[in-house]
Each structure stands twice: as C-alpha cells, then as structure tokens.
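Since the structure comes first, as structure tokens, the remarks are kept for the end.
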Amino acid sequence: MDGASLLCLADFEAAAGRRLPPGVWDYIRGGSGEEQTLAANRSAFARLPLRPRFLVDVETCDLNTTLLGAQLSAPIGVAPTAFHRLAHPDGEVATARGAGEAGQLMVVSILASRSLKDVAAVASGPLWLQLYWLRRRDLLAEVVRQGEALGYRALVLTVDTPRVGRRLRDRRNGFAVPPDITAVNLDDGMMATTHDAHAGTSALERHAREQFDPTLTWADLAWLRGLTGLPILLKGVLTADDARLAVEHGVAGIVVSNHGGRQLDGAPAAIDALPEVVAAAGGDCPVLLDGGVRTGTDVLKALALGASAVLVGRPVLWGLACGGAEGVRDVLGVLAAELEDAMALSGRPRLRDVDASLVSR
C-alpha cells in the first residue's frame, strides 16, 4: 500500500475499485433502487456550510471521547458490514486489528466472515456486536450469548431490514458470495442460499427473505433484553417517532442510518434525519450517525447536529482492500486527522465546543 498516494478517503476508494473484482465492487458501492438515497447521503453534507469562529486558542485539539463506557481516541467507529473477506483474506480480523491500532470502536456484523472469537482475540479496541432478527431465534440467542462471553460490550440491532432492498447492481450481476466465504458464526445450512448464484437475482436478497424475520415489533425487544445484560442500540432509526419509542423501550443508544442507501430508496439522508432524532431522544441516550461520512468535516457536522459519534462502513472496506489492517488503520486515521484540522480551523478545540451554532442550516 502506497500511503504517500492515499491522502483522503476518495484515494482509498479509487484504489480499492482497481483491486476488487467488478461484482464485489458493485456489491460494496451499490445502493437500492435508483440509488437516490445513496447519493443523498453525500449531497446532504454539502448543503451544510460551517460557521467558523476565530481568535480561539486551538494549539491543542482533543478528540478523545467516551461512548457507553468505552474510551475512544476519536468519535469515529467501524460500522457493521458483512463478509469482510470479500475485501481481504484476513477479513474482520484485519479490520479489528486496524480499528484497535487507531483506538476506535468496531461493530462486528452477525454476517462476519471470521469468527467472533478470532476477532475478539486480536482486538485492542472496544467491540460491539450487530444483529439481524433471525427467524431462528435459537441461533440468534446463541450468537448473543457467545458475543457476551467473548467480551463484546454492546448489541446493535439493525431494524431497517425486514427484507433486503432491491439492489439492482447485485441483481444484474447475479451476485452471490463465493463458496469459500461464509458467515461463520451462523449455521452452514442457514447460509447456503448466499452461495447460490442465478442470473438476474441477488443471492443475499433471497437469503434475507428466507432467514430474516419480518414480524419483528417493539414488543420483541423484551425477549432480546431477557437474554443479556449488554446494552442494546437500535440501528436504522430515521424519525422522531421511532426515536421516542426507542427511548420508551429503554434502548442504550440509537444509530441514525438508512443502511448506506441500501434499503428504502427515497428515505432521507442520514445527516438530514439526525436533528429530529437527537431532539426526540432528548439526551436520554447517545445518538450515532451512519451514512455518507467521507471527510473529517462530515464528522464535525454530524457532531454539531448532536451525534455522539459516527460510524463508517464502505471506507473501512476500501482501506481493508488496499492494505488489510494497515489500510483500515490509515482510513480511520485520515478521518481523525481531518476532524482535528476542521476543529482547529473552526475554532472548536474540544468536542464539548462543537454545537449547532457551527452549522448553517
């Protein structure tokens, strides 16, 4: 990996696109439908000018923060994404190593292509475990118990996926997961459909219809809470109404997310939905943002609008494809360095100085 030529996340994106097979690259970069929400996740940040203040002592900027008891070097973490071995042979093990070296959080997907045990063994930073609500509750319960026993510190339940959205790139490519890559923390038989390629269809879309339980409601959260003492966050919240219900049901945190534009096309950009969710949460739990973050100024804007931290998905896979653990560390490091620059140039040397007055809406 030529670090001298990879100066921003767009550089990592271009380099990853040259390294990965076309079908895998489409799977990583694509969205659902006409990809309107995918595009909006980026364009929405550009509509939020920053309002810098000057004559402020910014010789030292402090990015350190605490999130659900975990110390982080910056308010940035790795979003849950499936099958990291599509991007690098070491998969999530390399991602965890890189995130730990950066001092940042990693959320590990239930569809990880490396075992929860192997990931935990190399992690030096905090780990959370992401869940989809499976029809097989016995398997879901086993994953939760395993994660808790291995030291994962929180559960992140993705709620925007009663089924997988219509991802046309994957359908056109007849995308399926290669047979040597699987979600190793789940039953092999359960994952068989993900390897079954057919022209004009997505194997992952068919798998989700078979295995994800679309009957999930708020009442089911009590079952999950009964399994574990771990804090539970909900990922995929986009409205004040759902944020209020989340707080009423005792969640430990909310992740504002539209699944990277991969679910309901036409849903709002994550950064546009953030202020109403933060207001509805009312400070009762931390609110994170996931979707479209590509620069340190994006991170700063999310923090100004009330996010406690941001999660990044695709850029981490770009770094993984470019250089394994080192690439992941460098992607997270670039974001943190850009955030520090943006804080200094806007006159906000500490995270507590970052508030809504920084952003013109």
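Order determines the names: the first chain of the structure tokens is A, the second B, and so forth; residues in each chain are numbered 1 upward, and ligands are numbered 1 upward as they are shown.
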Practice item. Considering only C-alpha atoms, return as an MDAnalysis selection string whatever protein or nucleic-acid residues lie within 6 Å of range 319-332 of chain A, sequence-local ones (same chain, fewer than 3 positions apart) excluded. Key: chainID A and resid 1 16 87:88 94:95 97:99 102 316 335
Point to revise | Near-range 186-200 of chain A list (12 Å; only C-alpha atoms; drop same-chain fewer than 3 positions) as JSON, numbers by chain | key: {"A": [23, 82, 83, 109, 110, 111, 112, 113, 114, 115, 116, 131, 132, 134, 135, 136, 137, 138, 139, 140, 141, 142, 143, 144, 146, 166, 167, 168, 169, 170, 171, 172, 173, 174, 175, 176, 177, 178, 179, 180, 181, 182, 183, 203, 204, 205, 206, 207, 208, 209, 210, 211, 212]}
Check your understanding: So how many Å separate CA of Ser346 in chain A and CA of Arg47 in chain A, to one decimal?
Key -> 17.2 Å
Point to revise | Of the listed residues A:Tyr152, A:Val251, A:Ala307, A:Gln263, that which approaches Leu224 in chain A most closely, counting only C-alpha atoms | key: A:Val251
Review point. Using only C-alpha atoms, which of A:Val78, A:Val164, A:Leu221, A:Val299 sits nearest Arg314 in chain A?
Key: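 Ranking A:Val78, A:Val164, A:Leu221, A:Val299 by distance to Arg314 in chain A, first place goes to A:Val78.
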Exercise for review: Name the residues of range 12-168 of chain A that come out as helix (DSSP H, G or I) in a backbone DSSP run; write them as a PyMOL selection string.
Suggested key: chain A and resi 12-19+22-29+36-46+84-86+91-102+116-122+137-149+168
Point to revise | All residues 12 Å or closer to Leu230 in chain A, only C-alpha atoms, same chain fewer than 6 positions away omitted, as a PyMOL selection string | key: chain A and resi 68+127-129+144-145+147-149+151-157+224+251-253
Write the residues of the selection above to a file with N, CA, C and O atoms, as an mmCIF file, in the first residue's frame.
```
data_model
loop_
_atom_site.group_PDB
_atom_site.id
_atom_site.type_symbol
_atom_site.label_atom_id
_atom_site.label_comp_id
_atom_site.auth_asym_id
_atom_site.auth_seq_id
_atom_site.Cartn_x
_atom_site.Cartn_y
_atom_site.Cartn_z
ATOM 1 N N LEU A 68 -20.618 4.841 25.875
ATOM 2 C CA LEU A 68 -21.112 3.688 26.644
ATOM 3 C C LEU A 68 -19.979 3.059 27.457
ATOM 4 O O LEU A 68 -19.817 1.844 27.500
ATOM 5 N N LEU A 127 -15.355 -3.650 21.089
ATOM 6 C CA LEU A 127 -16.152 -4.342 20.084
ATOM 7 C C LEU A 127 -17.617 -4.327 20.492
ATOM 8 O O LEU A 127 -17.956 -4.589 21.651
ATOM 9 N N TRP A 128 -18.482 -4.022 19.536
ATOM 10 C CA TRP A 128 -19.922 -4.224 19.678
ATOM 11 C C TRP A 128 -20.334 -5.281 18.654
ATOM 12 O O TRP A 128 -19.638 -5.501 17.660
ATOM 13 N N LEU A 129 -21.473 -5.904 18.878
ATOM 14 C CA LEU A 129 -21.962 -6.965 18.005
ATOM 15 C C LEU A 129 -23.290 -6.561 17.382
ATOM 16 O O LEU A 129 -24.251 -6.261 18.099
ATOM 17 N N VAL A 144 -25.750 -14.132 20.503
ATOM 18 C CA VAL A 144 -25.733 -13.133 21.578
ATOM 19 C C VAL A 144 -24.934 -13.653 22.774
ATOM 20 O O VAL A 144 -24.076 -12.951 23.326
ATOM 21 N N ARG A 145 -25.209 -14.880 23.183
ATOM 22 C CA ARG A 145 -24.502 -15.436 24.342
ATOM 23 C C ARG A 145 -23.002 -15.554 24.069
ATOM 24 O O ARG A 145 -22.175 -15.283 24.940
ATOM 25 N N GLY A 147 -21.199 -13.728 21.952
ATOM 26 C CA GLY A 147 -20.618 -12.398 21.948
ATOM 27 C C GLY A 147 -20.408 -11.859 23.350
ATOM 28 O O GLY A 147 -19.349 -11.296 23.657
ATOM 29 N N GLU A 148 -21.385 -12.035 24.195
ATOM 30 C CA GLU A 148 -21.249 -11.549 25.574
ATOM 31 C C GLU A 148 -20.113 -12.268 26.283
ATOM 32 O O GLU A 148 -19.307 -11.640 26.990
ATOM 33 N N ALA A 149 -20.001 -13.587 26.100
ATOM 34 C CA ALA A 149 -18.945 -14.354 26.758
ATOM 35 C C ALA A 149 -17.563 -13.938 26.280
ATOM 36 O O ALA A 149 -16.576 -14.029 27.032
ATOM 37 N N GLY A 151 -16.641 -10.909 25.438
ATOM 38 C CA GLY A 151 -16.298 -9.555 25.826
ATOM 39 C C GLY A 151 -16.820 -8.454 24.927
ATOM 40 O O GLY A 151 -16.403 -7.297 25.084
ATOM 41 N N TYR A 152 -17.697 -8.762 23.993
ATOM 42 C CA TYR A 152 -18.342 -7.704 23.215
ATOM 43 C C TYR A 152 -19.179 -6.861 24.173
ATOM 44 O O TYR A 152 -19.848 -7.392 25.060
ATOM 45 N N ARG A 153 -19.133 -5.547 23.995
ATOM 46 C CA ARG A 153 -19.636 -4.646 25.033
ATOM 47 C C ARG A 153 -21.061 -4.159 24.820
ATOM 48 O O ARG A 153 -21.646 -3.552 25.715
ATOM 49 N N ALA A 154 -21.612 -4.356 23.631
ATOM 50 C CA ALA A 154 -22.972 -3.887 23.347
ATOM 51 C C ALA A 154 -23.512 -4.655 22.156
ATOM 52 O O ALA A 154 -22.754 -5.239 21.364
ATOM 53 N N LEU A 155 -24.840 -4.635 22.022
ATOM 54 C CA LEU A 155 -25.522 -5.219 20.878
ATOM 55 C C LEU A 155 -26.142 -4.101 20.056
ATOM 56 O O LEU A 155 -26.709 -3.153 20.610
ATOM 57 N N VAL A 156 -26.035 -4.213 18.745
ATOM 58 C CA VAL A 156 -26.604 -3.225 17.827
ATOM 59 C C VAL A 156 -27.601 -3.961 16.933
ATOM 60 O O VAL A 156 -27.204 -4.699 16.025
ATOM 61 N N LEU A 157 -28.876 -3.784 17.204
ATOM 62 C CA LEU A 157 -29.925 -4.459 16.435
ATOM 63 C C LEU A 157 -30.305 -3.601 15.238
ATOM 64 O O LEU A 157 -30.800 -2.478 15.396
ATOM 65 N N LEU A 224 -35.128 -10.034 23.622
ATOM 66 C CA LEU A 224 -33.693 -9.838 23.474
ATOM 67 C C LEU A 224 -33.082 -9.339 24.779
ATOM 68 O O LEU A 224 -32.019 -9.811 25.195
ATOM 69 N N VAL A 251 -33.739 1.629 25.227
ATOM 70 C CA VAL A 251 -32.508 1.334 24.492
ATOM 71 C C VAL A 251 -31.359 2.151 25.059
ATOM 72 O O VAL A 251 -31.545 3.223 25.649
ATOM 73 N N ALA A 252 -30.151 1.656 24.866
ATOM 74 C CA ALA A 252 -28.954 2.327 25.356
ATOM 75 C C ALA A 252 -28.389 3.309 24.345
ATOM 76 O O ALA A 252 -27.505 4.101 24.684
ATOM 77 N N GLY A 253 -28.876 3.260 23.111
ATOM 78 C CA GLY A 253 -28.380 4.154 22.083
ATOM 79 C C GLY A 253 -29.141 3.973 20.793
ATOM 80 O O GLY A 253 -29.840 2.964 20.589
#
```
